[in-house]
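Enquirer: Below: one structure in structure tokens.
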Amino acid sequence: MAFVAVGTKFGPDWGGNAQLYWGIHDVRARLVLRIDVTRRGRYDVYVNFTQAPDYAQVSVRVGHGPVRAFDGHASTVRVFRFRVGTADLNPGPVELTITVTGKNKVSSDYYVGVDRIELIPVKARPPRSL
């Protein structure tokens, strides 16, 4: 079950002092988040994850793009800006899929926390001169 956790323990690095908290204990469990894209374009995609002593290892995928691995374990609670990659997106909903793949050998559980998802337009690069 995923829900929004709000509290002062998250600190100023979390947007709105909250996170989407996923208290799952099942390897291979999937959480699908739908992102509304307003303009067609190429975007750098970032997920700001919570890392903590009891957080899981996950895979992250935007649409049908490549899968990236992320280890949510850290010795202290913190937010980590994770670059998922670059994606060509069309207007409308796009799925961001987070799948629990396991846990770090020193992690005490399989929790997942998402602070925010960022789509940053990639500026067109001028053609290179020969």
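Within each chain, counting starts at residue 1; across the structure tokens, chains are named A, B, ... in the order shown, with ligands numbered 1 upward in that order.
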Quick one: residues within 8 Å of Tyr111 in chain A, only C-alpha atoms, excluding same-chain residues fewer than 3 positions away - as number ranges by chain?
Expert: A: 21-25, 54-56
Enquirer: Using only N, CA, C and O atoms, please write the residues we just selected to a file, as a PDB file, in the first residue's frame.
Expert:
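Generated output (selection-v6.pdb):
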ATOM      1  N   TYR A  21       5.040   7.181   0.363  1.00  0.00           N
ATOM      2  CA  TYR A  21       5.658   6.085   1.119  1.00  0.00           C
ATOM      3  C   TYR A  21       5.013   4.774   0.693  1.00  0.00           C
ATOM      4  O   TYR A  21       3.788   4.636   0.719  1.00  0.00           O
ATOM      5  N   TRP A  22       5.858   3.811   0.313  1.00  0.00           N
ATOM      6  CA  TRP A  22       5.378   2.513  -0.129  1.00  0.00           C
ATOM      7  C   TRP A  22       5.925   1.461   0.819  1.00  0.00           C
ATOM      8  O   TRP A  22       7.094   1.119   0.772  1.00  0.00           O
ATOM      9  N   GLY A  23       5.085   0.969   1.714  1.00  0.00           N
ATOM     10  CA  GLY A  23       5.482  -0.020   2.711  1.00  0.00           C
ATOM     11  C   GLY A  23       5.216  -1.416   2.216  1.00  0.00           C
ATOM     12  O   GLY A  23       4.266  -2.072   2.657  1.00  0.00           O
ATOM     13  N   ILE A  24       6.012  -1.863   1.284  1.00  0.00           N
ATOM     14  CA  ILE A  24       5.798  -3.172   0.658  1.00  0.00           C
ATOM     15  C   ILE A  24       6.882  -4.137   1.121  1.00  0.00           C
ATOM     16  O   ILE A  24       8.003  -3.741   1.388  1.00  0.00           O
ATOM     17  N   HIS A  25       6.546  -5.393   1.236  1.00  0.00           N
ATOM     18  CA  HIS A  25       7.520  -6.403   1.673  1.00  0.00           C
ATOM     19  C   HIS A  25       7.579  -7.547   0.666  1.00  0.00           C
ATOM     20  O   HIS A  25       7.822  -8.687   1.030  1.00  0.00           O
ATOM     21  N   ASP A  54      16.288   1.193   6.072  1.00  0.00           N
ATOM     22  CA  ASP A  54      15.336   0.102   5.854  1.00  0.00           C
ATOM     23  C   ASP A  54      14.655   0.178   4.483  1.00  0.00           C
ATOM     24  O   ASP A  54      13.545  -0.308   4.307  1.00  0.00           O
ATOM     25  N   TYR A  55      15.345   0.769   3.495  1.00  0.00           N
ATOM     26  CA  TYR A  55      14.751   0.933   2.180  1.00  0.00           C
ATOM     27  C   TYR A  55      15.296  -0.076   1.174  1.00  0.00           C
ATOM     28  O   TYR A  55      16.401  -0.588   1.303  1.00  0.00           O
ATOM     29  N   ALA A  56      14.494  -0.355   0.136  1.00  0.00           N
ATOM     30  CA  ALA A  56      14.736  -1.438  -0.823  1.00  0.00           C
ATOM     31  C   ALA A  56      15.593  -1.019  -2.006  1.00  0.00           C
ATOM     32  O   ALA A  56      15.823   0.164  -2.251  1.00  0.00           O
TER      33      ALA A  56
END
Enquirer: Excluding Thr99 in chain A and residues on its chain fewer than 3 positions from it, collect all residues at most 7 Å away from it, counting only C-alpha atoms, and give them as a list in words.
Expert: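 Within the cut-off, the hits are Arg28, Ala29, Arg30, Leu31, Val58, Ser59 and Val60 of chain A.
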Enquirer: Looking only at strand (DSSP E) from DSSP on the backbone, list the matching residues of chain A as a ChimeraX atom specification.
Expert: /A:2-6,18-22,30-37,41-51,57-62,68-71,78-89,92-102,112-121
Enquirer: To one decimal in Å, tell me the separation between CA of Val62 in chain A and CA of Gly15 in chain A.
Expert: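 Pair CA of Val62 in chain A / CA of Gly15 in chain A returns 21.4 Å.
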Enquirer: If you count only C-alpha atoms, which residues fall within 9 Å of Gly92 in chain A, apart from same-chain ones fewer than 3 positions away, as a list in words?
Expert: Ile35, Asp36, Val37, Thr38, Arg39, Arg40 and Leu89 of chain A
Enquirer: Applying 10 Å and only C-alpha atoms, which residues near Lys123 in chain A remain after dropping the ones on its own chain fewer than 5 positions away? List them as a ChimeraX atom specification.
Expert: /A:41-43
Enquirer: Report, in Å with one decimal, the straight-line distance from CA of Gln51 in chain A to CA of Pro121 in chain A.
Expert: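 Computing the Euclidean distance for CA of Gln51 in chain A and CA of Pro121 in chain A yields 26.1 Å.
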Enquirer: Choose the residue, out of A:Pro93, A:Gly16, A:Gly102, A:Pro53, that has the smallest atom-to-atom separation from Asp115 in chain A; count only C-alpha atoms.
Expert: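 Comparing A:Pro93, A:Gly16, A:Gly102, A:Pro53 against Asp115 in chain A, the winner is A:Gly16.
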Enquirer: Calculate how many Å separate CA of Asp13 in chain A from CA of His73 in chain A, rounding to one decimal.
Expert: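 It comes out at 17.2 Å.
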Enquirer: Nearest to Gln19 in chain A: which of A:Val84, A:Ala52, A:Leu33, A:Val112 is it, counting only C-alpha atoms?
Expert: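 Answer, going by the shortest atom-to-atom distance: A:Val112.
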Enquirer: For each of A:Leu20, A:Gln57, A:Leu119, A:Arg34, take the minimum atom-to-atom distance to Phe70 in chain A, counting only C-alpha atoms, then give the residue where this is smallest.
Expert: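 Of A:Leu20, A:Gln57, A:Leu119, A:Arg34, the one nearest Phe70 in chain A is A:Gln57, counting only C-alpha atoms.
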Enquirer: Using only C-alpha atoms, which of A:Val100, A:Ser107, A:Ile120, A:Trp14 sits nearest Val27 in chain A?
Expert: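 Answer, going by the shortest atom-to-atom distance: A:Val100.
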